[in-house]
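start_39.txt follows; it contains compact mmCIF, C-alpha atoms.
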```
# COMPACT_ATOMS: atom_id res chain seq x y z
CA MET A 146 82.98 115.65 66.91
CA SER A 147 83.95 113.35 69.75
CA ARG A 148 87.50 113.19 68.40
CA TYR A 149 87.85 116.95 68.65
CA CYS A 150 86.46 116.98 72.25
CA LEU A 151 88.86 114.22 73.26
CA ALA A 152 91.82 116.11 71.77
CA LEU A 153 90.76 119.29 73.56
CA MET A 154 90.50 117.45 76.88
CA LEU A 155 93.97 115.95 76.43
CA CYS A 156 95.45 119.34 75.64
CA SER A 157 93.76 120.87 78.70
CA GLY A 158 95.18 118.10 80.85
CA LEU A 159 98.69 118.75 79.54
CA VAL A 160 98.38 122.46 80.20
CA HIS A 161 97.15 121.81 83.73
CA ALA A 162 99.95 119.35 84.29
CA ASP A 163 102.49 121.95 83.21
CA GLU A 164 101.24 124.56 85.74
CA PRO A 165 104.10 125.40 88.19
CA LEU A 166 103.76 124.71 91.90
CA LEU A 167 104.15 127.12 94.83
CA ASN A 168 105.57 125.75 98.06
CA VAL A 169 105.93 127.76 101.32
CA GLN A 170 107.91 126.63 104.36
CA THR A 171 108.36 128.38 107.74
CA ARG A 172 110.58 127.94 110.80
CA LEU A 173 111.47 129.81 114.01
CA LEU A 174 115.10 130.45 114.98
CA PRO A 175 116.62 129.85 117.49
CA GLY A 176 113.42 128.02 118.45
CA ASP A 177 109.99 128.52 119.98
CA SER A 178 111.38 129.59 123.38
CA VAL A 179 113.37 132.83 123.90
CA VAL A 180 113.93 135.43 126.61
CA VAL A 181 112.37 138.86 126.72
CA GLY A 182 114.26 141.18 124.40
CA GLN A 183 115.84 138.36 122.40
CA PRO A 184 115.20 138.63 118.64
CA LEU A 185 113.38 135.70 117.10
CA GLN A 186 113.64 134.97 113.37
CA LEU A 187 110.61 133.82 111.42
CA GLN A 188 112.02 132.45 108.16
CA VAL A 189 109.62 132.09 105.24
CA ASP A 190 110.87 130.07 102.23
CA VAL A 191 108.94 130.70 99.01
CA LEU A 192 109.73 127.95 96.44
CA THR A 193 108.58 126.88 92.99
CA ASN A 194 109.48 124.10 90.55
CA SER A 195 109.70 126.81 87.87
CA TRP A 196 111.30 130.17 88.53
CA PHE A 197 110.13 133.58 89.72
CA THR A 198 109.93 136.52 87.36
CA SER A 199 109.30 138.92 90.27
CA ALA A 200 109.54 138.95 94.05
CA ALA A 201 106.84 137.35 96.16
CA THR A 202 104.30 139.47 98.03
CA LEU A 203 104.43 139.04 101.81
CA PRO A 204 101.88 140.55 104.21
CA GLU A 205 102.63 142.85 107.13
CA LEU A 206 103.11 141.02 110.42
CA SER A 207 101.90 142.53 113.70
CA ILE A 208 101.96 140.77 117.08
CA ALA A 209 100.85 142.54 120.26
CA GLY A 210 103.63 142.83 122.84
CA THR A 211 106.46 142.54 120.28
CA ASP A 212 108.49 144.68 117.89
CA VAL A 213 108.52 143.26 114.36
CA MET A 214 111.05 144.18 111.68
CA PRO A 215 109.79 143.16 108.20
CA PRO A 216 112.03 141.45 105.64
CA GLY A 217 114.58 143.74 104.04
CA GLY A 218 115.28 144.23 100.37
CA GLU A 219 117.79 141.37 100.30
CA ALA A 220 116.59 137.75 100.28
CA GLN A 221 118.57 134.51 100.37
CA HIS A 222 118.41 132.32 97.26
CA LEU A 223 117.46 128.66 97.82
CA SER A 224 117.48 125.38 95.91
CA GLN A 225 116.29 122.00 97.23
CA GLN A 226 114.78 118.70 96.17
CA LEU A 227 111.12 118.09 96.99
CA GLN A 228 109.22 114.99 95.85
CA GLY A 229 111.80 114.24 93.21
CA GLN A 230 111.69 117.76 91.73
CA THR A 231 114.06 120.69 92.00
CA PHE A 232 112.52 123.70 93.71
CA THR A 233 114.18 127.11 93.76
CA GLY A 234 113.15 130.31 95.47
CA LEU A 235 113.89 132.93 98.10
CA ARG A 236 114.05 133.03 101.90
CA TYR A 237 112.48 136.02 103.67
CA THR A 238 113.08 136.76 107.38
CA TYR A 239 110.89 138.57 109.90
CA ARG A 240 112.67 139.68 113.11
CA ILE A 241 110.37 139.47 116.15
CA THR A 242 111.48 140.92 119.50
CA PRO A 243 109.15 140.12 122.45
CA ASN A 244 108.76 142.78 125.13
CA LEU A 245 106.69 140.72 127.59
CA ALA A 246 107.17 137.43 129.38
CA GLN A 247 104.27 135.40 127.97
CA GLY A 248 103.15 133.16 125.12
CA PHE A 249 102.62 134.49 121.57
CA THR A 250 100.76 133.27 118.49
CA ILE A 251 101.71 133.96 114.87
CA ALA A 252 98.59 133.91 112.72
CA PRO A 253 98.72 132.35 109.20
CA LEU A 254 100.33 134.54 106.54
CA THR A 255 99.12 134.53 102.94
CA ILE A 256 102.02 134.51 100.48
CA ARG A 257 101.38 135.45 96.85
CA ALA A 258 103.68 134.91 93.88
CA THR A 259 103.56 134.39 90.12
CA PRO A 260 106.08 131.79 88.92
CA ALA A 261 107.11 131.66 85.27
CA GLN A 262 104.64 129.81 82.99
CA ALA A 263 101.83 130.27 85.57
CA SER A 264 98.53 131.35 84.05
CA VAL A 265 97.36 133.05 87.27
CA GLU A 266 98.86 134.36 90.49
CA LEU A 267 99.40 131.59 93.03
CA SER A 268 98.99 131.85 96.81
CA ALA A 269 99.78 129.73 99.85
CA GLN A 270 99.31 130.08 103.61
CA THR A 271 101.77 129.50 106.43
CA PRO A 272 100.63 127.39 109.42
CA VAL A 273 99.77 128.83 112.83
CA MET A 274 102.92 129.09 114.96
CA HIS A 275 103.51 129.63 118.69
CA PHE A 276 106.44 130.76 120.83
CA THR A 277 107.02 131.85 124.43
CA ALA A 278 109.23 134.52 126.02
CA SER A 279 110.53 134.34 129.59
CA LEU A 280 112.42 136.78 131.81
CA PRO A 281 116.19 136.05 131.77
CA ASP A 282 118.05 135.24 134.99
CA GLY A 283 119.36 138.28 136.84
CA PHE A 284 116.58 140.65 135.73
CA GLU A 285 113.58 141.81 137.73
CA PRO A 286 110.04 142.25 136.34
CA GLY A 287 109.72 145.68 134.74
CA GLU A 288 113.49 146.07 134.34
CA PRO A 289 114.53 146.83 130.73
CA VAL A 290 116.31 143.89 129.11
CA LEU A 291 118.92 144.33 126.39
CA VAL A 292 119.71 141.05 124.63
CA ALA A 293 122.74 140.92 122.32
CA SER A 294 125.36 138.48 121.11
CA GLY A 295 128.04 141.11 121.72
CA LEU A 296 128.24 144.62 123.13
CA ARG A 297 130.69 147.54 123.00
CA PHE A 298 130.40 150.58 125.29
CA SER A 299 132.86 153.50 125.03
CA GLN A 300 133.14 157.21 125.82
CA HIS A 301 134.97 160.26 124.48
CA ILE A 302 135.74 163.47 126.39
CA SER A 303 136.19 166.80 124.60
CA PRO A 304 138.34 168.77 125.06
CA GLU A 305 140.97 166.22 126.00
CA GLY A 306 143.21 167.42 128.84
CA GLY A 307 144.17 171.06 129.15
CA THR A 308 143.26 173.59 131.83
CA LEU A 309 139.57 174.21 132.47
CA LYS A 310 138.14 177.39 133.98
CA VAL A 311 134.78 178.58 135.21
CA GLY A 312 132.56 179.21 132.19
CA ASP A 313 134.22 176.54 130.03
CA SER A 314 132.30 173.54 128.64
CA LEU A 315 133.14 169.84 128.68
CA THR A 316 131.39 167.31 126.39
CA ARG A 317 130.98 163.63 127.22
CA THR A 318 129.97 161.36 124.31
CA LEU A 319 128.81 157.78 124.99
CA THR A 320 128.64 155.19 122.16
CA LEU A 321 126.76 151.91 122.65
CA GLN A 322 126.84 149.18 119.97
CA ALA A 323 125.01 145.85 120.34
CA ASP A 324 125.14 142.89 117.94
CA ASP A 325 121.82 141.36 116.88
CA ALA A 326 119.85 144.07 118.69
CA GLN A 327 117.83 146.85 117.09
CA GLY A 328 118.92 150.43 117.71
CA LEU A 329 115.58 151.38 119.25
CA SER A 330 115.97 148.63 121.87
CA LEU A 331 119.21 150.10 123.28
CA PRO A 332 118.66 151.72 126.70
CA ALA A 333 119.46 155.36 127.39
CA PRO A 334 122.46 155.81 129.74
CA GLN A 335 121.90 157.58 133.04
CA PRO A 336 124.70 160.17 133.42
CA GLY A 337 123.31 161.62 136.66
CA THR A 338 123.81 165.18 137.95
CA VAL A 339 126.95 166.81 139.32
CA ALA A 340 126.83 169.85 141.63
CA GLY A 341 128.48 172.88 140.05
CA LEU A 342 127.97 171.63 136.48
CA GLY A 343 125.09 172.61 134.20
CA ALA A 344 124.12 169.61 132.04
CA TYR A 345 122.81 170.11 128.49
CA PRO A 346 122.02 166.74 126.79
CA LYS A 347 121.73 166.54 123.01
CA THR A 348 119.26 164.47 120.99
CA PRO A 349 120.58 160.86 120.81
CA ARG A 350 121.54 159.38 117.43
CA ILE A 351 119.99 155.92 117.04
CA THR A 352 120.67 153.76 113.98
CA ASN A 353 120.71 150.15 112.82
CA LEU A 354 123.96 148.65 111.54
CA ASP A 355 124.50 146.27 108.63
CA ASP A 356 127.28 144.04 107.35
CA GLY A 357 127.97 146.19 104.29
CA ARG A 358 125.67 144.12 102.05
CA GLY A 359 122.40 145.41 103.47
CA ASN A 360 121.97 142.61 106.02
CA PHE A 361 121.06 143.70 109.55
CA SER A 362 123.85 143.16 112.08
CA GLY A 363 122.96 145.26 115.14
CA GLY A 364 122.14 148.66 116.55
CA GLN A 365 123.98 151.77 117.70
CA ARG A 366 123.12 154.60 120.09
CA ILE A 367 125.23 157.75 120.59
CA ASP A 368 124.43 160.08 123.51
CA SER A 369 126.19 163.38 124.11
CA VAL A 370 126.00 165.70 127.14
CA SER A 371 127.71 169.10 127.43
CA TYR A 372 128.61 170.30 130.93
CA ARG A 373 129.12 174.00 131.67
CA ILE A 374 131.40 174.69 134.63
CA GLU A 375 129.67 177.02 137.09
CA ARG A 376 132.26 177.14 139.90
CA SER A 377 135.87 176.24 140.56
CA GLY A 378 136.90 173.01 142.25
CA ASP A 379 137.35 169.28 141.66
CA PHE A 380 134.66 167.42 139.71
CA GLN A 381 133.86 163.82 138.81
CA LEU A 382 131.52 162.57 136.12
CA PRO A 383 130.32 159.22 137.52
CA ALA A 384 130.93 155.85 135.89
CA ILE A 385 128.03 154.55 133.77
CA SER A 386 126.99 150.89 133.50
CA VAL A 387 124.83 149.00 131.01
CA LYS A 388 123.31 145.69 132.05
CA TRP A 389 122.59 143.23 129.24
CA TRP A 390 121.88 139.59 128.52
CA ASP A 391 124.58 137.68 126.62
CA SER A 392 122.64 135.43 124.22
CA VAL A 393 125.79 133.44 123.35
CA ASN A 394 126.90 132.60 126.91
CA ARG A 395 123.32 132.87 128.25
CA LYS A 396 124.10 135.01 131.28
CA ALA A 397 123.76 138.61 132.47
CA GLN A 398 126.71 140.90 131.74
CA LEU A 399 127.68 144.39 132.90
CA SER A 400 129.57 146.82 130.65
CA GLN A 401 130.89 150.06 132.10
CA VAL A 402 132.74 153.23 131.17
CA PRO A 403 134.99 154.71 133.90
CA ALA A 404 134.42 157.92 135.83
CA VAL A 405 135.96 161.15 134.56
CA ASN A 406 137.84 163.41 137.01
CA PHE A 407 138.87 166.98 136.24
CA LYS A 408 139.62 170.25 137.96
CA ALA A 409 138.43 173.77 137.15
CA SER A 410 140.07 176.98 138.28
CA ALA A 411 138.51 180.40 138.83
CA ASP A 412 138.44 182.69 135.81
CA SER A 413 141.03 185.45 136.30
CA SER A 414 139.85 189.01 135.62
CA TYR A 415 140.99 190.83 132.50
CA SER A 416 144.18 192.86 132.90
CA PRO A 417 144.74 195.70 130.35
CA VAL A 418 148.07 196.09 128.62
CA PHE A 419 148.52 199.63 129.99
CA SER A 420 147.35 199.97 133.60
CA ILE A 421 147.08 203.46 135.08
CA VAL A 422 146.83 202.05 138.61
CA GLN A 423 150.02 200.07 138.15
CA ASP A 424 151.82 203.14 136.75
CA LEU A 425 150.78 205.25 139.77
CA ARG A 426 152.01 202.55 142.14
CA GLN A 427 155.37 202.44 140.40
CA LEU A 428 155.64 206.25 140.71
CA GLY A 429 154.82 206.11 144.41
CA GLN A 430 151.56 208.03 143.97
CA PRO A 431 148.22 207.11 145.58
CA THR A 432 145.96 205.05 143.34
CA ARG A 433 142.77 206.93 144.37
CA LEU A 434 142.07 210.54 143.38
CA ARG A 435 140.34 212.70 146.07
CA LEU A 436 138.78 216.11 145.30
CA PRO A 437 138.01 218.77 147.99
CA GLU A 438 134.34 219.58 148.69
CA PRO A 439 134.51 223.33 147.73
CA LEU A 440 135.81 222.30 144.33
CA LEU A 441 132.92 219.90 143.88
CA ILE A 442 130.38 222.63 144.85
CA LEU A 443 131.94 225.09 142.41
CA ALA A 444 131.81 222.50 139.65
CA PHE A 445 128.11 221.91 140.36
CA ILE A 446 127.33 225.69 140.21
CA LEU A 447 129.21 226.03 136.92
CA LEU A 448 127.26 223.10 135.54
CA LEU A 449 123.93 224.76 136.46
CA ALA A 450 125.06 228.08 134.95
CA ALA A 451 126.05 226.36 131.73
CA ALA A 452 122.67 224.61 131.57
CA ALA A 453 120.82 227.93 132.14
CA LEU A 454 122.87 229.66 129.45
CA LEU A 455 122.21 226.91 126.94
CA SER A 456 118.44 227.03 127.68
CA ARG A 457 118.21 230.90 127.67
CA ARG A 458 116.76 231.01 124.16
CA TRP A 459 114.07 228.50 125.07
CA TRP A 460 113.04 230.52 128.16
CA LEU A 461 112.84 233.79 126.13
CA GLN A 462 110.60 232.18 123.50
CA GLY A 463 108.29 230.87 126.21
CA LEU A 464 108.06 234.33 127.80
CA ARG A 465 107.20 236.04 124.49
CA ARG A 466 104.43 233.53 123.81
CA ALA A 467 102.92 234.15 127.26
CA ARG A 468 102.91 237.97 126.73
CA HIS A 469 101.31 237.59 123.31
CA TRP A 470 98.52 235.43 124.73
CA LEU A 471 97.76 237.92 127.52
CA ARG A 472 97.48 240.78 125.02
CA SER A 473 95.34 239.02 122.47
CA ARG A 474 92.87 237.23 124.78
CA PRO A 475 89.15 238.20 124.31
CA ALA A 476 87.45 240.70 126.67
CA ARG A 477 85.43 239.29 129.54
CA LYS A 478 81.64 239.61 129.31
CA THR A 479 79.50 241.07 132.11
CA TYR A 480 76.16 239.58 132.96
CA GLY A 481 73.34 241.44 134.81
CA LEU A 482 71.92 239.61 137.80
CA ARG A 483 68.44 240.14 139.15
CA PRO A 484 68.28 241.10 142.84
CA LEU A 485 67.43 238.45 145.26
CA ASN A 486 64.99 240.82 147.16
CA PRO A 487 62.42 242.32 144.73
CA GLY A 488 61.38 244.93 147.30
CA HIS A 489 64.65 246.75 147.01
CA ASP A 490 64.87 247.08 143.21
CA LYS A 491 65.45 250.82 143.65
CA ASP A 492 68.65 250.12 145.41
CA PHE A 493 70.04 248.85 142.19
CA PRO A 494 70.65 251.09 139.17
```
This entry written out as structure tokens:
Amino acid sequence: MSRYCLALMLCSGLVHADEPLLNVQTRLLPGDSVVVGQPLQLQVDVLTNSWFTSAATLPELSIAGTDVMPPGGEAQHLSQQLQGQTFTGLRYTYRITPNLAQGFTIAPLTIRATPAQASVELSAQTPVMHFTASLPDGFEPGEPVLVASGLRFSQHISPEGGTLKVGDSLTRTLTLQADDAQGLSLPAPQPGTVAGLGAYPKTPRITNLDDGRGNFSGGQRIDSVSYRIERSGDFQLPAISVKWWDSVNRKAQLSQVPAVNFKASADSSYSPVFSIVQDLRQLGQPTRLRLPEPLLILAFILLLAAAALLSRRWWLQGLRRARHWLRSRPARKTYGLRPLNPGHDKDFP
């Protein structure tokens, strides 16, 4: 009996020794100190000395005062040597963008995965991590900060050139692209108002950009404003600037689109192909027709006579109905009244 127990214990030890390991590593890039608006990467490496039959399960990350983008569908494959063993796995990346100048704490994250040959699901926790965000040079407290490694700001005017008149419309489209910045973090341009132009802004189009393989590369914002010309004259759409922090050169930059100048003329009135006034002028005749007053009075009398003649039948029908009612109305009743003075009853029949 003891032989069988010893063999069972040895087998259990071999099975336990063959259980795969789960190793989790974390790091912050570019470090634990950034500026407000600068994306911070939290990289989580999930490794095993076996292999994964399915993706690891990562929890949702939420930090007050920041915007967090969870890991996308693509993960980076890893392979490294740990304690004399080969570990393989995947690297997941959280993108954290601080909105306030202060210190932040990343609470432990519980990572779950089931490596091949594991009898149960394995789990591991990340350590507590800290980072700070400060206001970049050249920006005041409360001022929006756009942090990017590169920025492109352009505009398009439609229609291009041509003659503009009162009542026409002109559309100004502004496109802002920022590398390593989320689309929602891009500021809205301030086009301002121009006297004599009615401004009608459209809903902005905000998207995130990728490198063609599903990896995040930056953000894009497209704003469009249509201007309706309300009067003639010279107009200028003002230049628009975007202030941003260059994370590569670590300094404030200013990108600008130039002002747009154009002129609008008054809308000429419609001229018919055949003009009676022009024909009369060419014939040397007056362009206004004047009628004598007696002729106008005669025309008014004829108009009344025609109206009376047309309504003659209606008047005759009304007259016949009135006569018929007078003839067929019931006779009036007489009522005897007692005298007011009873002493003179004989005076009444």
### Query
Contacts of Ala209 (chain A) at 12 Å or less, counting only C-alpha atoms, minus same-chain residues fewer than 2 places along, as a PyMOL selection string?
chain A and resi 206-207+211-213+241-245+247-252
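For the pair CA of Gln226 (chain A) and CA of Thr171 (chain A), the separation is 16.4 Å.
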### Task
Kindly indicate which residue among A:Ala326, A:Ala220, A:Gly210, A:Asn194 lies nearest to Leu166 (chain A), using all atoms listed in the file for the distances.
A:Asn194
### Message
The residues within 7 Å of (112.3, 129.2, 99.9), using all atoms listed in the file and the coordinates of the file, should be reported as a ChimeraX atom specification; which are they?
### Response
/A:169-170,189-192,223,233-236
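Straight-line separation from CA of Ala453 (chain A) to CA of His469 (chain A): 23.5 Å.
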Please provide as a PDB file with C-alpha atoms, in the frame of the given file all residues within 6 Å of Thr320 (chain A), with the sequence filter that same-chain residues fewer than 2 positions apart are discarded (counting all atoms listed in the file).
```
ATOM      1  CA  PHE A 298     130.400 150.580 125.290  1.00  0.00           C
ATOM      2  CA  SER A 299     132.860 153.500 125.030  1.00  0.00           C
ATOM      3  CA  ARG A 366     123.120 154.600 120.090  1.00  0.00           C
ATOM      4  CA  ILE A 367     125.230 157.750 120.590  1.00  0.00           C
TER       5      ILE A 367
END
```
